[in-house]
Each structure stands twice: as structure tokens, then as C-alpha cells.
>>> print(open('run_36.cif').read())   # mmCIF, C-alpha atoms and all ligand atoms
data_coords
#
loop_
_atom_site.label_atom_id
_atom_site.label_comp_id
_atom_site.auth_asym_id
_atom_site.auth_seq_id
_atom_site.Cartn_x
_atom_site.Cartn_y
_atom_site.Cartn_z
CA MET A 7 1.17 -13.75 15.83
CA ALA A 8 -0.08 -10.29 14.91
CA THR A 9 2.34 -8.03 13.05
CA PHE A 10 1.53 -5.06 15.30
CA GLU A 11 -0.23 -4.89 18.67
CA VAL A 12 -0.81 -1.38 19.93
CA ARG A 13 -2.33 -0.79 23.37
CA GLY A 14 -3.12 2.55 24.97
CA LEU A 15 -0.68 4.37 22.71
CA GLY A 16 -0.25 8.07 23.42
CA LYS A 17 2.08 10.69 22.03
CA GLN A 18 2.62 14.21 23.25
CA PHE A 19 5.12 16.58 21.71
CA PRO A 20 6.85 18.59 24.44
CA THR A 21 6.11 21.94 22.83
CA ASN A 22 4.66 24.86 24.77
CA PRO A 23 1.76 24.20 25.09
CA PRO A 24 2.26 20.47 24.47
CA VAL A 25 0.64 18.91 21.41
CA TYR A 26 -1.44 15.82 22.17
CA ALA A 27 -0.98 14.06 18.87
CA LEU A 28 -2.27 10.58 19.82
CA ASP A 29 -4.24 9.24 22.74
CA GLY A 30 -5.53 5.82 23.73
CA ILE A 31 -4.83 4.13 20.39
CA ASP A 32 -5.61 0.41 20.46
CA LEU A 33 -5.15 -1.63 17.32
CA THR A 34 -4.02 -4.96 16.04
CA ILE A 35 -2.66 -5.49 12.55
CA GLU A 36 -2.56 -9.10 11.42
CA GLU A 37 0.11 -10.65 9.25
CA GLY A 38 -0.58 -10.11 5.55
CA GLU A 39 -3.31 -7.55 6.15
CA PHE A 40 -3.65 -4.36 4.12
CA VAL A 41 -4.67 -1.67 6.60
CA VAL A 42 -5.33 1.93 5.65
CA LEU A 43 -5.10 4.80 8.13
CA LEU A 44 -7.40 7.61 7.11
CA GLY A 45 -8.25 10.88 8.76
CA PRO A 46 -8.21 14.66 8.55
CA SER A 47 -4.96 16.55 8.30
CA GLY A 48 -3.14 16.76 11.61
CA CYS A 49 -4.91 13.82 13.25
CA GLY A 50 -1.63 11.97 13.82
CA LYS A 51 -1.46 9.49 10.95
CA SER A 52 2.20 10.16 10.20
CA THR A 53 3.06 10.18 13.88
CA LEU A 54 1.40 6.78 14.34
CA LEU A 55 3.20 5.36 11.30
CA GLU A 56 6.55 6.72 12.48
CA ILE A 57 6.02 5.14 15.91
CA LEU A 58 5.26 1.77 14.23
CA ALA A 59 8.43 2.23 12.16
CA GLY A 60 10.48 2.94 15.29
CA LEU A 61 11.37 6.40 13.94
CA GLN A 62 9.66 8.19 16.86
CA ASP A 63 9.21 7.39 20.53
CA LYS A 64 5.80 7.03 22.08
CA THR A 65 4.94 8.70 25.37
CA GLN A 66 2.34 6.18 26.63
CA GLY A 67 1.29 2.63 26.02
CA GLU A 68 2.70 -0.39 24.34
CA VAL A 69 3.67 -1.09 20.72
CA LEU A 70 4.64 -4.65 19.83
CA PHE A 71 6.03 -5.74 16.48
CA GLU A 72 5.82 -9.50 15.99
CA GLY A 73 5.36 -9.85 19.74
CA LYS A 74 8.31 -7.68 20.86
CA PRO A 75 8.39 -4.00 21.87
CA VAL A 76 9.43 -1.65 19.05
CA GLN A 77 12.79 -0.12 19.91
CA GLY A 78 14.23 1.86 17.06
CA THR A 79 14.09 0.94 13.41
CA ASP A 80 13.97 -2.67 12.26
CA ASP A 81 15.24 -4.29 9.05
CA ARG A 82 11.98 -6.20 8.75
CA ILE A 83 10.05 -2.96 8.32
CA GLY A 84 10.28 -0.99 5.06
CA VAL A 85 9.07 2.61 4.90
CA VAL A 86 7.89 4.65 1.91
CA PHE A 87 7.32 8.39 2.36
CA GLN A 88 5.22 10.87 0.41
CA ASP A 89 8.19 12.20 -1.53
CA ALA A 90 10.33 9.27 -2.53
CA SER A 91 13.30 10.87 -0.68
CA LEU A 92 15.85 9.49 -3.09
CA TYR A 93 19.43 10.72 -2.93
CA PRO A 94 19.82 13.03 -5.95
CA TRP A 95 23.50 12.19 -6.41
CA ARG A 96 22.91 8.45 -6.66
CA THR A 97 21.55 6.62 -9.66
CA VAL A 98 18.19 4.89 -9.32
CA GLN A 99 19.93 1.56 -8.92
CA ARG A 100 22.28 2.86 -6.22
CA ASN A 101 19.31 4.37 -4.40
CA VAL A 102 17.51 1.04 -4.42
CA GLU A 103 20.65 -0.74 -3.19
CA ILE A 104 21.12 1.51 -0.20
CA GLY A 105 19.48 -0.67 2.47
CA LEU A 106 21.49 -3.66 1.31
CA GLU A 107 24.65 -1.59 1.31
CA PHE A 108 24.03 -0.72 4.99
CA ARG A 109 23.75 -4.42 5.66
CA GLY A 110 27.10 -5.07 4.00
CA VAL A 111 25.64 -7.15 1.15
CA ALA A 112 28.20 -7.70 -1.65
CA LYS A 113 28.00 -5.57 -4.79
CA GLY A 114 26.91 -8.31 -7.21
CA GLU A 115 24.09 -9.44 -4.94
CA ARG A 116 22.96 -5.84 -4.37
CA ARG A 117 22.88 -5.20 -8.08
CA GLU A 118 20.83 -8.33 -8.68
CA ALA A 119 18.29 -7.44 -5.99
CA ALA A 120 17.99 -3.85 -7.25
CA GLY A 121 17.41 -5.13 -10.79
CA LYS A 122 14.75 -7.56 -9.62
CA TYR A 123 12.76 -4.99 -7.67
CA LEU A 124 13.14 -2.25 -10.28
CA THR A 125 11.66 -4.70 -12.78
CA GLN A 126 8.80 -5.48 -10.39
CA VAL A 127 7.87 -1.81 -10.14
CA GLY A 128 8.17 -1.29 -13.89
CA LEU A 129 11.50 0.56 -13.94
CA ALA A 130 13.68 -1.92 -15.82
CA GLY A 131 15.98 0.08 -18.07
CA PHE A 132 16.10 3.11 -15.76
CA GLU A 133 18.82 1.77 -13.45
CA ARG A 134 21.43 4.32 -14.49
CA LYS A 135 19.19 7.38 -14.46
CA TYR A 136 19.35 9.95 -11.69
CA PRO A 137 16.19 10.89 -9.74
CA HIS A 138 15.83 14.25 -11.53
CA GLN A 139 15.60 12.36 -14.83
CA LEU A 140 12.46 10.53 -13.67
CA SER A 141 8.84 11.64 -13.42
CA GLY A 142 7.21 11.95 -9.99
CA GLY A 143 5.43 8.61 -10.43
CA MET A 144 8.67 6.91 -11.44
CA ARG A 145 10.44 8.32 -8.39
CA GLN A 146 7.68 6.87 -6.20
CA ARG A 147 8.14 3.51 -7.90
CA ALA A 148 11.87 3.73 -7.18
CA GLY A 149 11.07 4.52 -3.53
CA ILE A 150 8.88 1.42 -3.37
CA ALA A 151 11.61 -0.71 -5.02
CA ARG A 152 14.06 0.59 -2.41
CA ALA A 153 11.73 -0.41 0.43
CA LEU A 154 11.15 -3.85 -1.14
CA ALA A 155 14.85 -4.53 -1.85
CA THR A 156 15.60 -5.52 1.74
CA GLU A 157 12.62 -7.91 1.63
CA PRO A 158 10.87 -6.55 4.70
CA ASP A 159 7.92 -8.34 6.32
CA VAL A 160 6.01 -5.09 6.52
CA LEU A 161 5.60 -2.02 4.34
CA LEU A 162 4.64 1.23 6.04
CA MET A 163 3.57 3.81 3.47
CA ASP A 164 2.82 7.45 4.30
CA GLU A 165 0.71 9.00 1.51
CA PRO A 166 3.04 7.42 -1.03
CA PHE A 167 0.96 8.55 -4.02
CA GLY A 168 -0.02 11.98 -2.70
CA ALA A 169 2.24 13.92 -5.05
CA VAL A 170 1.50 12.23 -8.38
CA ASP A 171 -1.19 12.94 -10.95
CA HIS A 172 -4.50 11.10 -10.93
CA LEU A 173 -3.82 8.57 -13.70
CA THR A 174 -0.39 7.70 -12.36
CA ARG A 175 -1.90 7.31 -8.94
CA ILE A 176 -4.46 4.80 -10.22
CA GLN A 177 -1.70 2.84 -11.96
CA LEU A 178 0.50 2.85 -8.85
CA GLN A 179 -2.43 1.63 -6.71
CA ARG A 180 -3.00 -1.23 -9.12
CA ASP A 181 0.70 -2.12 -9.16
CA LEU A 182 0.93 -1.99 -5.39
CA LEU A 183 -2.01 -4.39 -5.07
CA ALA A 184 -0.39 -6.76 -7.56
CA LEU A 185 2.82 -6.71 -5.50
CA TRP A 186 0.88 -7.21 -2.29
CA GLU A 187 -1.01 -10.14 -3.78
CA THR A 188 2.29 -11.75 -4.80
CA HIS A 189 4.18 -11.30 -1.53
CA ARG A 190 1.35 -10.92 1.01
CA ARG A 191 3.41 -8.61 3.14
CA THR A 192 1.59 -6.65 5.79
CA VAL A 193 0.91 -3.12 4.52
CA VAL A 194 -0.03 -0.09 6.60
CA PHE A 195 -0.91 2.73 4.24
CA VAL A 196 -1.76 6.32 5.12
CA THR A 197 -4.00 8.41 2.88
CA HIS A 198 -6.43 11.32 2.84
CA ASP A 199 -8.23 9.81 -0.12
CA VAL A 200 -11.37 7.80 0.72
CA GLY A 201 -11.59 6.26 -2.78
CA GLU A 202 -7.99 5.08 -2.53
CA ALA A 203 -8.69 3.65 0.94
CA VAL A 204 -11.66 1.49 -0.08
CA TYR A 205 -9.97 0.34 -3.28
CA LEU A 206 -6.87 -0.89 -1.43
CA ALA A 207 -7.80 -1.89 2.09
CA ASP A 208 -8.90 -4.97 3.96
CA ARG A 209 -9.61 -2.60 6.81
CA VAL A 210 -9.80 1.18 7.10
CA LEU A 211 -9.07 2.79 10.45
CA LEU A 212 -10.54 6.25 10.62
CA LEU A 213 -8.70 8.52 13.04
CA SER A 214 -10.18 11.62 14.64
CA PRO A 215 -7.98 14.58 15.63
CA ARG A 216 -7.01 16.41 18.82
CA PRO A 217 -5.78 14.04 20.01
CA GLY A 218 -5.76 11.29 17.38
CA ARG A 219 -7.91 8.30 18.29
CA VAL A 220 -9.36 5.44 16.32
CA PHE A 221 -12.82 6.88 15.64
CA ARG A 222 -14.17 3.95 13.60
CA GLU A 223 -13.05 0.85 11.86
CA PHE A 224 -14.44 -0.28 8.50
CA VAL A 225 -13.87 -3.82 7.30
CA ILE A 226 -13.77 -3.72 3.50
CA ASP A 227 -14.55 -7.27 2.51
CA GLU A 228 -15.48 -6.58 -1.11
CA PRO A 229 -13.94 -9.35 -3.24
CA ARG A 230 -10.71 -8.75 -5.13
CA PRO A 231 -9.84 -7.84 -7.79
CA ARG A 232 -11.95 -4.77 -7.15
CA ARG A 233 -13.29 -2.46 -9.75
CA ARG A 234 -13.24 1.23 -9.12
CA GLY A 235 -16.74 2.60 -9.37
CA ASP A 236 -18.40 -0.68 -8.32
CA ILE A 237 -21.61 0.19 -6.55
CA SER A 238 -20.66 -1.71 -3.39
CA LEU A 239 -17.29 0.09 -3.14
CA LEU A 240 -19.01 3.43 -3.67
CA ALA A 241 -21.43 2.58 -0.87
CA ARG A 242 -18.49 1.93 1.48
CA GLU A 243 -16.93 5.17 0.34
CA SER A 244 -20.02 7.20 1.23
CA GLU A 245 -20.27 5.45 4.61
CA ILE A 246 -16.73 6.63 5.36
CA TYR A 247 -17.44 10.14 4.05
CA GLU A 248 -20.36 10.36 6.46
CA ALA A 249 -18.16 9.37 9.37
CA LEU A 250 -15.55 11.93 8.28
CA THR A 251 -18.24 14.60 8.19
CA ARG A 252 -19.23 13.70 11.74
CA ILE A 253 -15.60 14.05 12.82
CA GLU A 254 -15.42 17.53 11.27
CA GLU A 255 -18.73 18.56 12.90
CA GLN A 256 -17.49 17.33 16.25
CA ALA A 257 -14.24 19.26 15.85
CA ASP A 258 -16.15 22.44 14.91
CA ALA A 259 -18.47 22.06 17.94
CA GLU A 260 -15.45 21.68 20.24
CA GLU A 261 -13.88 24.81 18.79
CA VAL A 262 -16.91 27.07 19.41
CA SER A 263 -17.59 25.82 22.94
CA PRO A 264 -15.72 27.79 25.64
N1 LIG A 301 7.83 17.26 15.84
C1 LIG A 301 6.65 17.79 16.21
N2 LIG A 301 6.58 18.71 17.19
C2 LIG A 301 5.40 19.23 17.59
N3 LIG A 301 4.21 18.87 17.08
C3 LIG A 301 4.22 17.95 16.10
C4 LIG A 301 5.43 17.36 15.60
N4 LIG A 301 5.11 16.47 14.63
C5 LIG A 301 3.77 16.52 14.52
N5 LIG A 301 3.23 17.40 15.39
C6 LIG A 301 1.80 17.67 15.59
O1 LIG A 301 1.13 16.46 15.84
C7 LIG A 301 -0.13 16.41 15.19
C8 LIG A 301 -0.18 15.22 14.28
O2 LIG A 301 0.74 15.40 13.20
P1 LIG A 301 0.89 14.34 12.03
O3 LIG A 301 1.94 14.85 11.12
O4 LIG A 301 1.07 13.00 12.60
O5 LIG A 301 -0.55 14.44 11.35
P2 LIG A 301 -1.08 13.78 10.00
O6 LIG A 301 -2.36 13.12 10.32
O7 LIG A 301 -0.01 12.96 9.38
O8 LIG A 301 -1.37 15.07 9.10
P3 LIG A 301 -1.31 15.23 7.50
O9 LIG A 301 -2.52 14.51 6.98
O10 LIG A 301 -1.41 16.69 7.28
O11 LIG A 301 -0.03 14.63 7.00
C9 LIG A 301 -0.28 17.75 14.47
O12 LIG A 301 -1.04 18.59 15.29
C10 LIG A 301 1.15 18.24 14.34
O13 LIG A 301 1.19 19.63 14.33
MG MG A 302 1.08 13.11 7.58
#
>>> encode(input="run_36.cif", output="C-alpha cells", more="lines below")
Ligand SMILES: Nc1ncnc2c1ncn2[C@@H]1O[C@H](COP(=O)(O)OP(=O)(O)OP(=O)(O)O)[C@@H](O)[C@H]1O
Ligand SMILES: [Mg+2]
Amino acid sequence: MATFEVRGLGKQFPTNPPVYALDGIDLTIEEGEFVVLLGPSGCGKSTLLEILAGLQDKTQGEVLFEGKPVQGTDDRIGVVFQDASLYPWRTVQRNVEIGLEFRGVAKGERREAAGKYLTQVGLAGFERKYPHQLSGGMRQRAGIARALATEPDVLLMDEPFGAVDHLTRIQLQRDLLALWETHRRTVVFVTHDVGEAVYLADRVLLLSPRPGRVFREFVIDEPRPRRRGDISLLARESEIYEALTRIEEQADAEEVSP
């Protein structure tokens, strides 16, 4: 069974005038797939991800998670946002434990799980630090450990590496792929960065704005492990850049026409 089935999804925000954020989105995300959502700013990537996460309501269409309509948030779905959104007054460990705490998991078990996932993201030894004592990249790692701690089937990630420096970003991408290869959870990952998209994805869905639609799909079947700068990956990258340019040209043409 597919992880997500989305049919005819639409989203309007009831502002004045209304914002048509998404329209006629059809997509299927298979179990274990790494799908990247890419597109210009404002095309509805975050809105789509939030609808998959059950954090926002849709206005049209159907969204199924493992065959059942999405209704509110679900323990089987972990979410990572652009800023790690850690609680500043909690230690790293207590931040990572939070989902388990909500579930009523006993202290010892929570501690063990937090330790395990902090180790997996390379933060062993930082359990007792507070978020302000970590670098931006380390905070993102803690955010990922928190999402993993409840052992979700799916990770939804909204520009998780957008706020870190280039070298850290490359390291985090590598680490995320290693985690994905171990657990084979379904990942839906939002980015603006075409290089990041082709390095990570099995499939890139390119969204166009006003309202957001799936403009094109690119299957990235380059073998793994991939090497950044490989000629075949660069070729895929330029194919996607071309499509992005066409989206921008189309948007410009629509703006000048009466
Ligand atoms: N709560 C809201 N009320 C009204 N309009 C909204 C709301 N949230 C988002 N929008 C609008 O919906 C559209 C899609 O927004 P969204 O944040 O999903 O885009 P995005 O692709 O994630 O952009 P970015 O790449 O800049 O993060 C935008 O035009 C935005 O202004
Ligand atoms: Mg966004």
C-alpha cells in the first residue's frame, strides 16, 4: 500500500481575496521512497507538507495515509521544520524525549530512546546541553533525533537544512541518507536547492506556483551511493533548472498579460 495517495488536492486560504495555494495535486508516494518537493518560493510546498502531516486542512480532494484519510496529526508521521523548533528551556535529551513523553512512555525507556537517536545523529555527549549551547547544524540534528525517537513510518521534512552553512548542510545530507538507508522510512523532503534534490531523491516533484500544481516529475535513478558532481547528476540538475526557468517565464508572462 502506498504511504500517501493524494487526489485532486486543493487548498484555498480564506483571506480577502482568497489565496489559491494548491490546486489539482495528484501524487502517490510509495513506502520507503525518498521524494523531494521542489519549487519556487510561495508555490505551496510547506502547505502541501503540512496537509500530509495533518497540521492543516485541505479544501478539496482526497489525502490518504496508508489507505486512510488524514485526519489530524498521526504518531506514525514525524515532522522536521526549517528551524529545529526545540524548546529552549529543555535540555537536548528532554527535547528529543518529548514525543515519547506525550505518549506516556516511562522515563527510563524515554532516556534510552533519546540516547539511541542522539547517537545516530552524532550528538552523543550533548544530552545535557541546552539548545542555545549548540550550533545551528547540531540543533537540526537534535530536531531529526526528536522526529526519529517516536519511530515514525514517515519523515516529513520542510527545508530542514535551509539555515545551516554549506559544509554542515553537505554533512547533514550524507547523514540523512545513511539513516534512510538503514531504516528505509518514507521521506518527503522540501527544498529550494536543486543540487540537494538530485543528491537525495528517488523522485523530484517540481511544483509551479499560483496555484501550486505538480508541474513535472523527475525520476532520479542514478545509483547510490551518489557522488556530488558526478556528470550524470549534474545533467539531471540542469534538466530541472531548465524546467524551473520555464516556470518562472510562465509566471512572468501571466503577470504582464491583462
Ligand atoms: N495561513 C495562511 N494564510 C494565507 N495565505 C497563506 C497562509 N499560509 C500560506 N499562505 C500562502 O499560500 C501560498 C503557499 O505558501 P507556502 O508557505 O506553502 O509556500 P512555500 O512553497 O512553502 O514557500 P517557501 O519556499 O517560501 O517556503 C503563498 O502564496 C502563501 O502566501
Ligand atoms: Mg515553505
>>> residues_near_ligand(input="run_36.cif", ligand="ligand MG 302 (chain A)", cutoff="12 Å", atoms="only C-alpha atoms and all ligand atoms", output="PyMOL selection string")
chain A and resi 27+43-56+87-89+163-166+168+195-198
>>> atom_distance(input="run_36.cif", atom1="CA of Leu124 (chain A)", atom2="CA of Arg152 (chain A)")
8.4 Å
>>> closest_residue(input="run_36.cif", among="A:His189, A:Arg147, A:Arg116, A:Lys17", to="ligand LIG 301 (chain A)", atoms="only C-alpha atoms and all ligand atoms")
A:Lys17
>>> closest_residue(input="run_36.cif", among="A:Val204, A:Leu106, A:Leu58, A:Ile253", to="Phe40 (chain A)", atoms="all atoms listed in the file")
A:Val204
>>> atom_distance(input="run_36.cif", atom1="CA of Gly30 (chain A)", atom2="CA of Glu243 (chain A)")
26.0 Å
>>> residues_around(input="run_36.cif", residues="Val127 (chain A)", least_positions_apart="3", cutoff="8 Å", atoms="all atoms listed in the file", output="MDAnalysis selection string")
chainID A and resid 123:124 147:148 150:151 181
>>> closest_residue(input="run_36.cif", among="A:Lys74, A:Arg82, A:Lys64, A:Arg219", to="Phe10 (chain A)", atoms="all atoms listed in the file")
A:Lys74
>>> closest_residue(input="run_36.cif", among="A:Asp63, A:Glu107, A:Glu248, A:Glu72", to="Leu28 (chain A)", atoms="all atoms listed in the file")
A:Asp63
>>> atom_distance(input="run_36.cif", atom1="CA of Gln146 (chain A)", atom2="CA of Ala90 (chain A)")
5.1 Å
>>> closest_residue(input="run_36.cif", among="A:Leu154, A:Ala203, A:Ile176, A:Leu213", to="ligand LIG 301 (chain A)", atoms="all atoms listed in the file")
A:Leu213
>>> residues_near_point(input="run_36.cif", point="(6.8, -3.9, 19.7)", cutoff="10 Å", atoms="all atoms listed in the file", output="PyMOL selection string")
chain A and resi 9-12+57-60+68-78
>>> write_last_selection(input="run_36.cif", atoms="C-alpha atoms", output="PDB file, in the frame of the given file")
ATOM      1  CA  THR A   9       2.340  -8.030  13.050  1.00  0.00           C
ATOM      2  CA  PHE A  10       1.530  -5.060  15.300  1.00  0.00           C
ATOM      3  CA  GLU A  11      -0.230  -4.890  18.670  1.00  0.00           C
ATOM      4  CA  VAL A  12      -0.810  -1.380  19.930  1.00  0.00           C
ATOM      5  CA  ILE A  57       6.020   5.140  15.910  1.00  0.00           C
ATOM      6  CA  LEU A  58       5.260   1.770  14.230  1.00  0.00           C
ATOM      7  CA  ALA A  59       8.430   2.230  12.160  1.00  0.00           C
ATOM      8  CA  GLY A  60      10.480   2.940  15.290  1.00  0.00           C
ATOM      9  CA  GLU A  68       2.700  -0.390  24.340  1.00  0.00           C
ATOM     10  CA  VAL A  69       3.670  -1.090  20.720  1.00  0.00           C
ATOM     11  CA  LEU A  70       4.640  -4.650  19.830  1.00  0.00           C
ATOM     12  CA  PHE A  71       6.030  -5.740  16.480  1.00  0.00           C
ATOM     13  CA  GLU A  72       5.820  -9.500  15.990  1.00  0.00           C
ATOM     14  CA  GLY A  73       5.360  -9.850  19.740  1.00  0.00           C
ATOM     15  CA  LYS A  74       8.310  -7.680  20.860  1.00  0.00           C
ATOM     16  CA  PRO A  75       8.390  -4.000  21.870  1.00  0.00           C
ATOM     17  CA  VAL A  76       9.430  -1.650  19.050  1.00  0.00           C
ATOM     18  CA  GLN A  77      12.790  -0.120  19.910  1.00  0.00           C
ATOM     19  CA  GLY A  78      14.230   1.860  17.060  1.00  0.00           C
TER      20      GLY A  78
END
>>> closest_residue(input="run_36.cif", among="A:Ser91, A:Thr65, A:Thr125, A:Ser214", to="ligand LIG 301 (chain A)", atoms="all atoms listed in the file")
A:Ser214
